Amino acid sequence: MKKVKFIIAVALLGAFLVGMSASSFALPININMVDNYFYNQDAAAVSSPVAYRPLDVLGLSSWKLDTSFNPVDTFVYKEYLYIVDKGGSQILVIDEEYNLVKKISEIKDSPDYTVPDIDKYIYNEDGTREEDSTMARANKYNFKNPEGMFITDEGLMYIADTENRRIVVCDLDGVCVRVYQSIRIDVLGVTFVFKPEKIVVDRSGTMSIISYGVNKGLIQIDSDGSFQQFFGAPATTIAATDWIYAIFASAESLSSRIQSVPAEYTSITADSKGFIYTACSDTSTGAPPLQKLSADGSNILTQEEARYSGFGDLQTSPESGQTTLIDVAVNEETDTYTILDSTHGRFFTYDSSGKLLFVGGGVGNQYGRFKSPTSIVCRGDQIVITDAGNQTVTVYETTDYAETVCDAISLYKSGDYDAAADMWDQAIQYYSNLYIAYESLGNIQVIKGRDLPDDQVDLRMEYYAKSLEYFKLAESKSGYSDSFKELRNQELSKYFTVIFISFCVVFIGIIVLIYVRKYRKNRAEEKRRVG
Amino acid sequence: MVKIKWKSIGQRILEWLLSVWKGFVGGLKHLPYAFYIQVHPFDGFFRLKNEQSRRSIPCAVILYAMLAISSILKRQLTGYLFADTAAQLQLNILSEIIAALLPYMLWVVANWCFTSLMDGDGKLSDIFCATAVATIPIMVCNLIQIPVSQFSSLQEENLYVFIGGLGIVYTYLMMFFGMMITHQYTVFKSIITTLLTIVGMLVIAFIIILIFFLIQQVLGFATSLGSEISFRLNE
């Protein structure tokens, strides 16, 4: 009797401990669970947990800058954040704690390279050249309204010195290594003025540049400074109404109309694999707002796996205006990219298959909102956005919710499916309408089932059956269909003999019936003839 | 004081119910012939019109009811992959019946209107019965689609779509032949009549909508008038 009591006591204690450990896994509470949205599987805006929380807003006072501060581009290299200050014509170097380390406002001659004089000439149609009065006071050791920069893996800083019409290559201390200027492109005529805006450099030193007034794509210049080619020109489409108009309109009225020319890119970003993301804010001529250019200049960004295509806000009213894509940032760790919408001051994070994950930001004067955002960059888990209107640099950090989702995605990508499933379960605790989670969980079940050896068919079918539930929750008919087909074919092969035999029986029965009827008919006719 | 003859009223209701039942049973008797017409349309429609024993109005009503029931069944029982699952949750049987039958009723009326002007041979009841027979392919295909949708994956969607399309095409052909034979028209005249009938259907639909709209307006006016008067009286 005592033994029994002891066993009961131990069992109760054990149960209590298990219960304790289960309840100690309490939900991490997200305070900012309100005031954010997300486009669900039907592309409808639904409220969702906050994914990005403003960590810090920095600006004139925190870094003691002039009021001319006008951040237009950012770049992250190693532990430092570089900000291009167009107004102050300088590069700000910011450390991990967001302290201003130094300002690079002038370049120095290196022992074996002196900075050449600035090309101050503009060319006329007839080939003659004259000095540009606006360039008279240009100093070759200073920047003038630079708008873009890029740092290669070797630590070479490429600065698009826009108003000085040159690209300066220097090391991280400002010691100049090379200057690319007076770049002539025959196709664009003699009057072309090279004003680089944004720049990306690949491993071989080939620069891809957005220049003012060039709508043929990115200008590619190789490391000797000679023009190579235009790269990835945005496509144009002609509206049907314009096409009909062009048939009937006279030559004069046609020429007086604004021609539908390709749009200019707004911004470019390169990822570590060498793909170039282009953002285009003018999509009226049919240019894709966002592209991921492969080495041959074709767009490899698809949203085929996503439920809907389109970037930024999907349902916009004419008053609020459409999404204007102004910059892209790539997060290498989670394989996501974030786009910045200057109309609404929001940024949207997509996974590599083009599914919307998070929305953040917004327009306004509140803490962490923007007036006219100019550029975005990912710095680890943080997102840094510069705002020319408020003259601020805003740092956003991911909330626990967003971190969970990102972890789940990267775990899934790395093939750790059990851990990914746990993460997705946790993400569902935050946000039970997260269709991406259910879809991914369904895929995990399918993969687990598929990886099983062939002798464990029953277990495999169990996995498939479980995936059906997840796909139903995700409203993923294509995923459901695939699992359903596997299950059905399995069932069919199980009962194949029964089905086959019954088919045969029915078939033979029908034939016999037909013959019997014919035979009876013939008999009846014979009888009638005889009778 | 008029004395109500309860007994005779009850008797009449019973008689009426009995006649409905008899009509139903009689209609069932004609169903096999309706299916026979599907494979022998020319001969079948001719005899459907000219031999009264081949058809009855109850039979046509049964066929229309079967069409409505089959379309409701299809809506509710289609497999997850092919169904509008959100719509399945809220079923309004009346509106489903109207949606299933209204086009055919419009066709019957509009066709009768035009063919009586274009010396067609058919009466309204002839057209009613012929159209009922012509809807059988859609009804059958609806019923076939239900199990097919349960057992197909999205890769086999073509089969599902094909069955549905087959039913629709077959029905439209049957309606065309039915009209041609019922009214003793040539092919060319049938085509003209079909086009006119479609126009007539649109006109009728327009008038129906107009009437509904007007009724709504009148009712709105009456209610606002009433509330206005009651306000004034309460002052």
# chains A, B, ... in the order shown; residues from 1 in each chain; ligands from 1

call {"tool": "residues_around", "arguments": {"residues": "stretch 159-169 of chain A", "least_positions_apart": "3", "cutoff": "10 Å", "atoms": "only C-alpha atoms", "output": "PDB file with N, CA, C and O atoms, in the first residue's frame"}}
result
ATOM      1  N   VAL A  84      25.811  58.994 -47.479  1.00  0.00           N
ATOM      2  CA  VAL A  84      26.175  60.050 -48.422  1.00  0.00           C
ATOM      3  C   VAL A  84      25.335  61.275 -48.098  1.00  0.00           C
ATOM      4  O   VAL A  84      24.109  61.230 -48.162  1.00  0.00           O
ATOM      5  N   LYS A  86      24.354  64.593 -49.355  1.00  0.00           N
ATOM      6  CA  LYS A  86      24.381  65.368 -50.597  1.00  0.00           C
ATOM      7  C   LYS A  86      24.531  66.855 -50.300  1.00  0.00           C
ATOM      8  O   LYS A  86      25.312  67.562 -50.944  1.00  0.00           O
ATOM      9  N   SER A  89      27.938  67.619 -48.985  1.00  0.00           N
ATOM     10  CA  SER A  89      28.969  67.090 -49.877  1.00  0.00           C
ATOM     11  C   SER A  89      30.026  66.311 -49.097  1.00  0.00           C
ATOM     12  O   SER A  89      31.214  66.613 -49.134  1.00  0.00           O
ATOM     13  N   GLN A  90      29.585  65.347 -48.357  1.00  0.00           N
ATOM     14  CA  GLN A  90      30.527  64.563 -47.568  1.00  0.00           C
ATOM     15  C   GLN A  90      29.970  63.167 -47.324  1.00  0.00           C
ATOM     16  O   GLN A  90      28.797  62.892 -47.598  1.00  0.00           O
ATOM     17  N   ILE A  91      30.842  62.304 -46.854  1.00  0.00           N
ATOM     18  CA  ILE A  91      30.443  60.945 -46.492  1.00  0.00           C
ATOM     19  C   ILE A  91      30.566  60.844 -44.980  1.00  0.00           C
ATOM     20  O   ILE A  91      31.616  61.167 -44.413  1.00  0.00           O
ATOM     21  N   ILE A 107      39.211  64.511 -50.648  1.00  0.00           N
ATOM     22  CA  ILE A 107      40.068  63.390 -51.012  1.00  0.00           C
ATOM     23  C   ILE A 107      41.505  63.877 -51.112  1.00  0.00           C
ATOM     24  O   ILE A 107      41.764  65.057 -51.347  1.00  0.00           O
ATOM     25  N   VAL A 115      45.110  63.506 -58.064  1.00  0.00           N
ATOM     26  CA  VAL A 115      43.735  63.689 -58.533  1.00  0.00           C
ATOM     27  C   VAL A 115      43.760  64.604 -59.754  1.00  0.00           C
ATOM     28  O   VAL A 115      44.323  65.692 -59.693  1.00  0.00           O
ATOM     29  N   ILE A 118      39.179  68.648 -62.708  1.00  0.00           N
ATOM     30  CA  ILE A 118      37.809  68.309 -63.077  1.00  0.00           C
ATOM     31  C   ILE A 118      37.549  68.736 -64.517  1.00  0.00           C
ATOM     32  O   ILE A 118      38.001  69.798 -64.952  1.00  0.00           O
ATOM     33  N   ASP A 119      36.857  67.896 -65.235  1.00  0.00           N
ATOM     34  CA  ASP A 119      36.477  68.212 -66.609  1.00  0.00           C
ATOM     35  C   ASP A 119      35.352  69.247 -66.568  1.00  0.00           C
ATOM     36  O   ASP A 119      34.214  68.925 -66.263  1.00  0.00           O
ATOM     37  N   LYS A 120      35.713  70.509 -66.864  1.00  0.00           N
ATOM     38  CA  LYS A 120      34.742  71.585 -66.693  1.00  0.00           C
ATOM     39  C   LYS A 120      34.021  71.931 -67.988  1.00  0.00           C
ATOM     40  O   LYS A 120      33.293  72.905 -68.056  1.00  0.00           O
ATOM     41  N   THR A 134      28.983  77.053 -64.387  1.00  0.00           N
ATOM     42  CA  THR A 134      28.581  76.532 -63.076  1.00  0.00           C
ATOM     43  C   THR A 134      29.695  75.711 -62.452  1.00  0.00           C
ATOM     44  O   THR A 134      29.692  75.457 -61.260  1.00  0.00           O
ATOM     45  N   MET A 135      30.645  75.267 -63.273  1.00  0.00           N
ATOM     46  CA  MET A 135      31.703  74.410 -62.755  1.00  0.00           C
ATOM     47  C   MET A 135      32.953  75.209 -62.393  1.00  0.00           C
ATOM     48  O   MET A 135      33.972  74.637 -62.007  1.00  0.00           O
ATOM     49  N   ALA A 138      34.624  74.699 -59.021  1.00  0.00           N
ATOM     50  CA  ALA A 138      34.745  73.323 -58.547  1.00  0.00           C
ATOM     51  C   ALA A 138      36.175  73.024 -58.109  1.00  0.00           C
ATOM     52  O   ALA A 138      37.136  73.382 -58.776  1.00  0.00           O
ATOM     53  N   ASN A 139      36.267  72.386 -56.946  1.00  0.00           N
ATOM     54  CA  ASN A 139      37.571  72.026 -56.404  1.00  0.00           C
ATOM     55  C   ASN A 139      37.759  70.532 -56.577  1.00  0.00           C
ATOM     56  O   ASN A 139      36.911  69.740 -56.197  1.00  0.00           O
ATOM     57  N   LYS A 140      38.899  70.166 -57.140  1.00  0.00           N
ATOM     58  CA  LYS A 140      39.075  68.747 -57.446  1.00  0.00           C
ATOM     59  C   LYS A 140      39.265  67.889 -56.200  1.00  0.00           C
ATOM     60  O   LYS A 140      39.121  66.684 -56.255  1.00  0.00           O
ATOM     61  N   ASN A 142      37.426  68.260 -53.465  1.00  0.00           N
ATOM     62  CA  ASN A 142      36.159  68.190 -52.730  1.00  0.00           C
ATOM     63  C   ASN A 142      35.109  67.471 -53.566  1.00  0.00           C
ATOM     64  O   ASN A 142      35.211  67.355 -54.774  1.00  0.00           O
ATOM     65  N   PHE A 143      34.070  67.037 -52.849  1.00  0.00           N
ATOM     66  CA  PHE A 143      32.892  66.511 -53.556  1.00  0.00           C
ATOM     67  C   PHE A 143      31.942  67.661 -53.801  1.00  0.00           C
ATOM     68  O   PHE A 143      31.993  68.689 -53.132  1.00  0.00           O
ATOM     69  N   LYS A 144      31.041  67.463 -54.766  1.00  0.00           N
ATOM     70  CA  LYS A 144      29.962  68.419 -54.939  1.00  0.00           C
ATOM     71  C   LYS A 144      28.666  67.646 -55.149  1.00  0.00           C
ATOM     72  O   LYS A 144      28.469  67.008 -56.173  1.00  0.00           O
ATOM     73  N   ASN A 145      27.820  67.711 -54.142  1.00  0.00           N
ATOM     74  CA  ASN A 145      26.529  67.018 -54.140  1.00  0.00           C
ATOM     75  C   ASN A 145      26.634  65.563 -54.611  1.00  0.00           C
ATOM     76  O   ASN A 145      25.987  65.174 -55.580  1.00  0.00           O
ATOM     77  N   PRO A 146      27.414  64.753 -53.938  1.00  0.00           N
ATOM     78  CA  PRO A 146      27.463  63.336 -54.313  1.00  0.00           C
ATOM     79  C   PRO A 146      26.141  62.660 -53.961  1.00  0.00           C
ATOM     80  O   PRO A 146      25.460  63.078 -53.033  1.00  0.00           O
ATOM     81  N   GLU A 147      25.776  61.663 -54.749  1.00  0.00           N
ATOM     82  CA  GLU A 147      24.461  61.034 -54.515  1.00  0.00           C
ATOM     83  C   GLU A 147      24.527  59.536 -54.292  1.00  0.00           C
ATOM     84  O   GLU A 147      23.534  58.931 -53.920  1.00  0.00           O
ATOM     85  N   GLY A 148      25.682  58.930 -54.572  1.00  0.00           N
ATOM     86  CA  GLY A 148      25.705  57.487 -54.401  1.00  0.00           C
ATOM     87  C   GLY A 148      27.091  57.012 -54.058  1.00  0.00           C
ATOM     88  O   GLY A 148      28.085  57.703 -54.304  1.00  0.00           O
ATOM     89  N   MET A 149      27.142  55.831 -53.467  1.00  0.00           N
ATOM     90  CA  MET A 149      28.454  55.268 -53.175  1.00  0.00           C
ATOM     91  C   MET A 149      28.378  53.754 -53.114  1.00  0.00           C
ATOM     92  O   MET A 149      27.304  53.166 -53.021  1.00  0.00           O
ATOM     93  N   PHE A 150      29.560  53.165 -53.226  1.00  0.00           N
ATOM     94  CA  PHE A 150      29.653  51.711 -53.155  1.00  0.00           C
ATOM     95  C   PHE A 150      31.038  51.377 -52.624  1.00  0.00           C
ATOM     96  O   PHE A 150      32.008  52.070 -52.921  1.00  0.00           O
ATOM     97  N   ILE A 151      31.121  50.343 -51.785  1.00  0.00           N
ATOM     98  CA  ILE A 151      32.420  49.914 -51.282  1.00  0.00           C
ATOM     99  C   ILE A 151      32.615  48.462 -51.670  1.00  0.00           C
ATOM    100  O   ILE A 151      31.750  47.615 -51.418  1.00  0.00           O
ATOM    101  N   LEU A 156      37.625  49.413 -51.311  1.00  0.00           N
ATOM    102  CA  LEU A 156      37.722  50.574 -52.185  1.00  0.00           C
ATOM    103  C   LEU A 156      36.360  51.258 -52.238  1.00  0.00           C
ATOM    104  O   LEU A 156      35.344  50.614 -52.477  1.00  0.00           O
ATOM    105  N   LEU A 172      39.328  53.889 -47.654  1.00  0.00           N
ATOM    106  CA  LEU A 172      38.372  54.285 -46.627  1.00  0.00           C
ATOM    107  C   LEU A 172      38.799  55.533 -45.861  1.00  0.00           C
ATOM    108  O   LEU A 172      38.025  56.084 -45.093  1.00  0.00           O
ATOM    109  N   GLY A 174      39.982  58.192 -47.565  1.00  0.00           N
ATOM    110  CA  GLY A 174      39.840  59.299 -48.505  1.00  0.00           C
ATOM    111  C   GLY A 174      41.053  59.504 -49.377  1.00  0.00           C
ATOM    112  O   GLY A 174      41.163  60.527 -50.035  1.00  0.00           O
ATOM    113  N   VAL A 175      41.996  58.554 -49.393  1.00  0.00           N
ATOM    114  CA  VAL A 175      43.157  58.670 -50.272  1.00  0.00           C
ATOM    115  C   VAL A 175      42.754  58.174 -51.651  1.00  0.00           C
ATOM    116  O   VAL A 175      42.347  57.030 -51.813  1.00  0.00           O
ATOM    117  N   CYS A 176      42.867  59.061 -52.616  1.00  0.00           N
ATOM    118  CA  CYS A 176      42.293  58.773 -53.933  1.00  0.00           C
ATOM    119  C   CYS A 176      43.134  57.745 -54.677  1.00  0.00           C
ATOM    120  O   CYS A 176      44.367  57.778 -54.651  1.00  0.00           O
ATOM    121  N   VAL A 177      42.485  56.815 -55.345  1.00  0.00           N
ATOM    122  CA  VAL A 177      43.167  55.792 -56.107  1.00  0.00           C
ATOM    123  C   VAL A 177      42.943  56.005 -57.594  1.00  0.00           C
ATOM    124  O   VAL A 177      43.834  55.818 -58.411  1.00  0.00           O
ATOM    125  N   ARG A 178      41.733  56.420 -57.914  1.00  0.00           N
ATOM    126  CA  ARG A 178      41.402  56.625 -59.322  1.00  0.00           C
ATOM    127  C   ARG A 178      40.252  57.595 -59.428  1.00  0.00           C
ATOM    128  O   ARG A 178      39.444  57.694 -58.512  1.00  0.00           O
ATOM    129  N   VAL A 179      40.183  58.255 -60.571  1.00  0.00           N
ATOM    130  CA  VAL A 179      39.031  59.102 -60.862  1.00  0.00           C
ATOM    131  C   VAL A 179      38.573  58.768 -62.272  1.00  0.00           C
ATOM    132  O   VAL A 179      39.392  58.667 -63.186  1.00  0.00           O
ATOM    133  N   TYR A 180      37.295  58.531 -62.424  1.00  0.00           N
ATOM    134  CA  TYR A 180      36.734  58.303 -63.760  1.00  0.00           C
ATOM    135  C   TYR A 180      35.921  59.531 -64.118  1.00  0.00           C
ATOM    136  O   TYR A 180      34.971  59.875 -63.408  1.00  0.00           O
ATOM    137  N   GLN A 181      36.308  60.204 -65.177  1.00  0.00           N
ATOM    138  CA  GLN A 181      35.526  61.363 -65.601  1.00  0.00           C
ATOM    139  C   GLN A 181      35.617  61.520 -67.107  1.00  0.00           C
ATOM    140  O   GLN A 181      36.249  60.715 -67.787  1.00  0.00           O
ATOM    141  N   SER A 182      34.985  62.554 -67.638  1.00  0.00           N
ATOM    142  CA  SER A 182      34.858  62.812 -69.090  1.00  0.00           C
ATOM    143  C   SER A 182      34.495  61.541 -69.831  1.00  0.00           C
ATOM    144  O   SER A 182      35.168  61.164 -70.779  1.00  0.00           O
ATOM    145  N   ILE A 183      33.475  60.891 -69.367  1.00  0.00           N
ATOM    146  CA  ILE A 183      33.084  59.651 -70.029  1.00  0.00           C
ATOM    147  C   ILE A 183      32.189  59.977 -71.212  1.00  0.00           C
ATOM    148  O   ILE A 183      31.203  60.697 -71.080  1.00  0.00           O
ATOM    149  N   VAL A 193      26.196  64.802 -70.929  1.00  0.00           N
ATOM    150  CA  VAL A 193      26.975  65.134 -69.736  1.00  0.00           C
ATOM    151  C   VAL A 193      26.808  64.000 -68.734  1.00  0.00           C
ATOM    152  O   VAL A 193      25.695  63.623 -68.390  1.00  0.00           O
ATOM    153  N   PHE A 194      27.939  63.463 -68.319  1.00  0.00           N
ATOM    154  CA  PHE A 194      27.931  62.314 -67.415  1.00  0.00           C
ATOM    155  C   PHE A 194      27.742  62.782 -65.972  1.00  0.00           C
ATOM    156  O   PHE A 194      28.614  63.442 -65.410  1.00  0.00           O
ATOM    157  N   LYS A 195      26.565  62.492 -65.426  1.00  0.00           N
ATOM    158  CA  LYS A 195      26.308  62.894 -64.039  1.00  0.00           C
ATOM    159  C   LYS A 195      25.888  61.649 -63.262  1.00  0.00           C
ATOM    160  O   LYS A 195      24.704  61.321 -63.192  1.00  0.00           O
ATOM    161  N   PRO A 196      26.820  60.938 -62.688  1.00  0.00           N
ATOM    162  CA  PRO A 196      26.479  59.675 -62.023  1.00  0.00           C
ATOM    163  C   PRO A 196      25.634  59.909 -60.776  1.00  0.00           C
ATOM    164  O   PRO A 196      25.843  60.879 -60.049  1.00  0.00           O
ATOM    165  N   GLU A 197      24.676  59.020 -60.596  1.00  0.00           N
ATOM    166  CA  GLU A 197      23.727  59.188 -59.499  1.00  0.00           C
ATOM    167  C   GLU A 197      23.897  58.072 -58.474  1.00  0.00           C
ATOM    168  O   GLU A 197      24.043  58.317 -57.288  1.00  0.00           O
ATOM    169  N   LYS A 198      23.857  56.859 -58.974  1.00  0.00           N
ATOM    170  CA  LYS A 198      24.019  55.707 -58.096  1.00  0.00           C
ATOM    171  C   LYS A 198      25.002  54.761 -58.767  1.00  0.00           C
ATOM    172  O   LYS A 198      25.091  54.722 -59.999  1.00  0.00           O
ATOM    173  N   ILE A 199      25.706  53.992 -57.954  1.00  0.00           N
ATOM    174  CA  ILE A 199      26.764  53.156 -58.535  1.00  0.00           C
ATOM    175  C   ILE A 199      26.838  51.814 -57.822  1.00  0.00           C
ATOM    176  O   ILE A 199      26.586  51.720 -56.617  1.00  0.00           O
ATOM    177  N   VAL A 200      27.138  50.795 -58.609  1.00  0.00           N
ATOM    178  CA  VAL A 200      27.363  49.457 -58.085  1.00  0.00           C
ATOM    179  C   VAL A 200      28.587  48.908 -58.805  1.00  0.00           C
ATOM    180  O   VAL A 200      28.754  49.137 -59.998  1.00  0.00           O
ATOM    181  N   MET A 207      31.828  48.964 -63.311  1.00  0.00           N
ATOM    182  CA  MET A 207      30.848  49.783 -62.598  1.00  0.00           C
ATOM    183  C   MET A 207      29.539  49.797 -63.369  1.00  0.00           C
ATOM    184  O   MET A 207      29.529  49.919 -64.589  1.00  0.00           O
ATOM    185  N   ILE A 209      26.191  52.069 -63.474  1.00  0.00           N
ATOM    186  CA  ILE A 209      25.917  53.414 -62.990  1.00  0.00           C
ATOM    187  C   ILE A 209      24.571  53.887 -63.497  1.00  0.00           C
ATOM    188  O   ILE A 209      24.211  53.666 -64.660  1.00  0.00           O
ATOM    189  N   ILE A 210      23.836  54.535 -62.617  1.00  0.00           N
ATOM    190  CA  ILE A 210      22.672  55.297 -63.058  1.00  0.00           C
ATOM    191  C   ILE A 210      23.152  56.720 -63.244  1.00  0.00           C
ATOM    192  O   ILE A 210      23.759  57.303 -62.347  1.00  0.00           O
ATOM    193  N   SER A 211      22.910  57.271 -64.423  1.00  0.00           N
ATOM    194  CA  SER A 211      23.324  58.640 -64.668  1.00  0.00           C
ATOM    195  C   SER A 211      22.094  59.465 -65.019  1.00  0.00           C
ATOM    196  O   SER A 211      21.130  58.948 -65.583  1.00  0.00           O
ATOM    197  N   TYR A 212      22.136  60.737 -64.683  1.00  0.00           N
ATOM    198  CA  TYR A 212      21.012  61.612 -64.994  1.00  0.00           C
ATOM    199  C   TYR A 212      20.784  61.677 -66.483  1.00  0.00           C
ATOM    200  O   TYR A 212      21.728  61.791 -67.266  1.00  0.00           O
ATOM    201  N   GLY A 225      37.886  52.652 -67.451  1.00  0.00           N
ATOM    202  CA  GLY A 225      37.129  53.878 -67.640  1.00  0.00           C
ATOM    203  C   GLY A 225      36.497  53.992 -68.999  1.00  0.00           C
ATOM    204  O   GLY A 225      36.004  55.054 -69.365  1.00  0.00           O
TER     205      GLY A 225
END

call {"tool": "residues_around", "arguments": {"residues": "B:Ser71", "least_positions_apart": "5", "cutoff": "12 Å", "atoms": "only C-alpha atoms", "output": "list in words"}}
result
Tyr64, Ala65, Met66, Gln76, Leu77, Thr78, Ile93, Ser95, Glu96, Ile97, Ile98, Ala99, Ala100, Leu101, Thr135, Ile136, Ile138, Met139, Val140, Cys141, Asn142, Leu143, Ile144, Gln145, Ile146 and Gly164 of chain B

call {"tool": "interface_residues", "arguments": {"of": "chain B", "to": "chain A", "cutoff": "12 Å", "atoms": "only C-alpha atoms", "output": "list of chain:residue names"}}
result
B:Gly79, B:Tyr80, B:Leu81, B:Phe82, B:Ala83, B:Asp84, B:Thr85, B:Ala86, B:Ser149, B:Gln150, B:Phe151, B:Ser152, B:Ser153, B:Leu154, B:Gln155, B:Glu156, B:Glu157

call {"tool": "write_last_selection", "arguments": {"atoms": "N, CA and C atoms", "output": "JSON list (two decimals), in the first residue's frame"}}
result
[["chain", "number", "residue", "atom", "x", "y", "z"],
["B", 79, "GLY", "N", -15.58, 19.28, -54.80],
["B", 79, "GLY", "CA", -14.42, 19.06, -53.95],
["B", 79, "GLY", "C", -13.68, 20.35, -53.65],
["B", 80, "TYR", "N", -12.86, 20.32, -52.61],
["B", 80, "TYR", "CA", -12.18, 21.53, -52.13],
["B", 80, "TYR", "C", -11.40, 22.24, -53.23],
["B", 81, "LEU", "N", -10.77, 21.44, -54.10],
["B", 81, "LEU", "CA", -9.87, 22.05, -55.07],
["B", 81, "LEU", "C", -10.60, 22.86, -56.13],
["B", 82, "PHE", "N", -11.86, 22.52, -56.38],
["B", 82, "PHE", "CA", -12.56, 23.19, -57.48],
["B", 82, "PHE", "C", -13.66, 24.10, -56.97],
["B", 83, "ALA", "N", -13.88, 24.10, -55.67],
["B", 83, "ALA", "CA", -15.04, 24.82, -55.15],
["B", 83, "ALA", "C", -14.67, 26.22, -54.70],
["B", 84, "ASP", "N", -15.66, 27.06, -54.69],
["B", 84, "ASP", "CA", -15.52, 28.36, -54.05],
["B", 84, "ASP", "C", -15.92, 28.14, -52.59],
["B", 85, "THR", "N", -14.92, 27.81, -51.78],
["B", 85, "THR", "CA", -15.22, 27.35, -50.42],
["B", 85, "THR", "C", -15.87, 28.44, -49.58],
["B", 86, "ALA", "N", -15.53, 29.69, -49.87],
["B", 86, "ALA", "CA", -16.14, 30.77, -49.10],
["B", 86, "ALA", "C", -17.63, 30.87, -49.40],
["B", 149, "SER", "N", -14.75, 16.10, -59.37],
["B", 149, "SER", "CA", -14.03, 17.13, -58.61],
["B", 149, "SER", "C", -13.49, 16.56, -57.31],
["B", 150, "GLN", "N", -14.16, 15.55, -56.77],
["B", 150, "GLN", "CA", -13.68, 14.97, -55.52],
["B", 150, "GLN", "C", -12.42, 14.15, -55.73],
["B", 151, "PHE", "N", -12.25, 13.60, -56.94],
["B", 151, "PHE", "CA", -11.13, 12.68, -57.15],
["B", 151, "PHE", "C", -10.01, 13.27, -57.99],
["B", 152, "SER", "N", -10.17, 14.50, -58.48],
["B", 152, "SER", "CA", -9.12, 15.04, -59.34],
["B", 152, "SER", "C", -8.24, 15.99, -58.56],
["B", 153, "SER", "N", -6.99, 16.06, -59.00],
["B", 153, "SER", "CA", -6.12, 17.11, -58.50],
["B", 153, "SER", "C", -6.14, 18.23, -59.55],
["B", 154, "LEU", "N", -5.44, 19.31, -59.25],
["B", 154, "LEU", "CA", -5.51, 20.46, -60.15],
["B", 154, "LEU", "C", -4.88, 20.16, -61.50],
["B", 155, "GLN", "N", -4.01, 19.14, -61.56],
["B", 155, "GLN", "CA", -3.43, 18.79, -62.86],
["B", 155, "GLN", "C", -4.49, 18.22, -63.79],
["B", 156, "GLU", "N", -5.52, 17.64, -63.19],
["B", 156, "GLU", "CA", -6.58, 17.05, -64.01],
["B", 156, "GLU", "C", -7.75, 18.00, -64.15],
["B", 157, "GLU", "N", -7.47, 19.28, -63.94],
["B", 157, "GLU", "CA", -8.53, 20.29, -64.00],
["B", 157, "GLU", "C", -9.20, 20.30, -65.37]]

call {"tool": "residues_around", "arguments": {"residues": "B:His40", "least_positions_apart": "6", "cutoff": "12 Å", "atoms": "only C-alpha atoms", "output": "ChimeraX atom specification"}}
result
/B:33-34,46-48,133-134,174,177-178

call {"tool": "select_by_dssp", "arguments": {"residues": "stretch 366-431 of chain A", "states": "alpha helix (DSSP H)", "output": "ChimeraX atom specification"}}
result
/A:400-414,417-430

call {"tool": "write_last_selection", "arguments": {"atoms": "C-alpha atoms", "output": "PDB file, in the first residue's frame"}}
result
ATOM      1  CA  ASP A 400      10.297  39.193 -31.847  1.00  0.00           C
ATOM      2  CA  TYR A 401       7.569  38.316 -34.270  1.00  0.00           C
ATOM      3  CA  ALA A 402       9.551  39.346 -37.335  1.00  0.00           C
ATOM      4  CA  GLU A 403      12.641  37.652 -35.969  1.00  0.00           C
ATOM      5  CA  THR A 404      10.726  34.418 -35.503  1.00  0.00           C
ATOM      6  CA  VAL A 405       9.461  34.517 -39.063  1.00  0.00           C
ATOM      7  CA  CYS A 406      12.922  35.298 -40.437  1.00  0.00           C
ATOM      8  CA  ASP A 407      14.450  32.505 -38.380  1.00  0.00           C
ATOM      9  CA  ALA A 408      11.850  30.098 -39.634  1.00  0.00           C
ATOM     10  CA  ILE A 409      12.550  31.074 -43.226  1.00  0.00           C
ATOM     11  CA  SER A 410      16.300  30.700 -42.884  1.00  0.00           C
ATOM     12  CA  LEU A 411      15.949  27.398 -41.014  1.00  0.00           C
ATOM     13  CA  TYR A 412      13.693  26.139 -43.782  1.00  0.00           C
ATOM     14  CA  LYS A 413      16.196  27.265 -46.397  1.00  0.00           C
ATOM     15  CA  SER A 414      19.030  25.502 -44.608  1.00  0.00           C
ATOM     16  CA  TYR A 417      12.843  21.269 -41.145  1.00  0.00           C
ATOM     17  CA  ASP A 418      11.997  20.254 -37.580  1.00  0.00           C
ATOM     18  CA  ALA A 419      13.432  23.455 -36.184  1.00  0.00           C
ATOM     19  CA  ALA A 420      11.732  25.455 -38.925  1.00  0.00           C
ATOM     20  CA  ALA A 421       8.402  23.845 -38.063  1.00  0.00           C
ATOM     21  CA  ASP A 422       8.882  24.799 -34.406  1.00  0.00           C
ATOM     22  CA  MET A 423       9.668  28.353 -35.427  1.00  0.00           C
ATOM     23  CA  TRP A 424       6.621  28.560 -37.655  1.00  0.00           C
ATOM     24  CA  ASP A 425       4.476  27.229 -34.810  1.00  0.00           C
ATOM     25  CA  GLN A 426       5.839  29.999 -32.666  1.00  0.00           C
ATOM     26  CA  ALA A 427       5.139  32.564 -35.372  1.00  0.00           C
ATOM     27  CA  ILE A 428       1.567  31.327 -35.539  1.00  0.00           C
ATOM     28  CA  GLN A 429       1.291  32.000 -31.806  1.00  0.00           C
ATOM     29  CA  TYR A 430       2.032  35.627 -32.618  1.00  0.00           C
TER      30      TYR A 430
END

call {"tool": "residues_around", "arguments": {"residues": "B:Gly44", "least_positions_apart": "6", "cutoff": "10 Å", "atoms": "only C-alpha atoms", "output": "list in words"}}
result
Tyr33, Ala34, Phe35, Tyr36, Ile37, Gln38, Arg54, Ala130, Gly178 and Ile181 of chain B
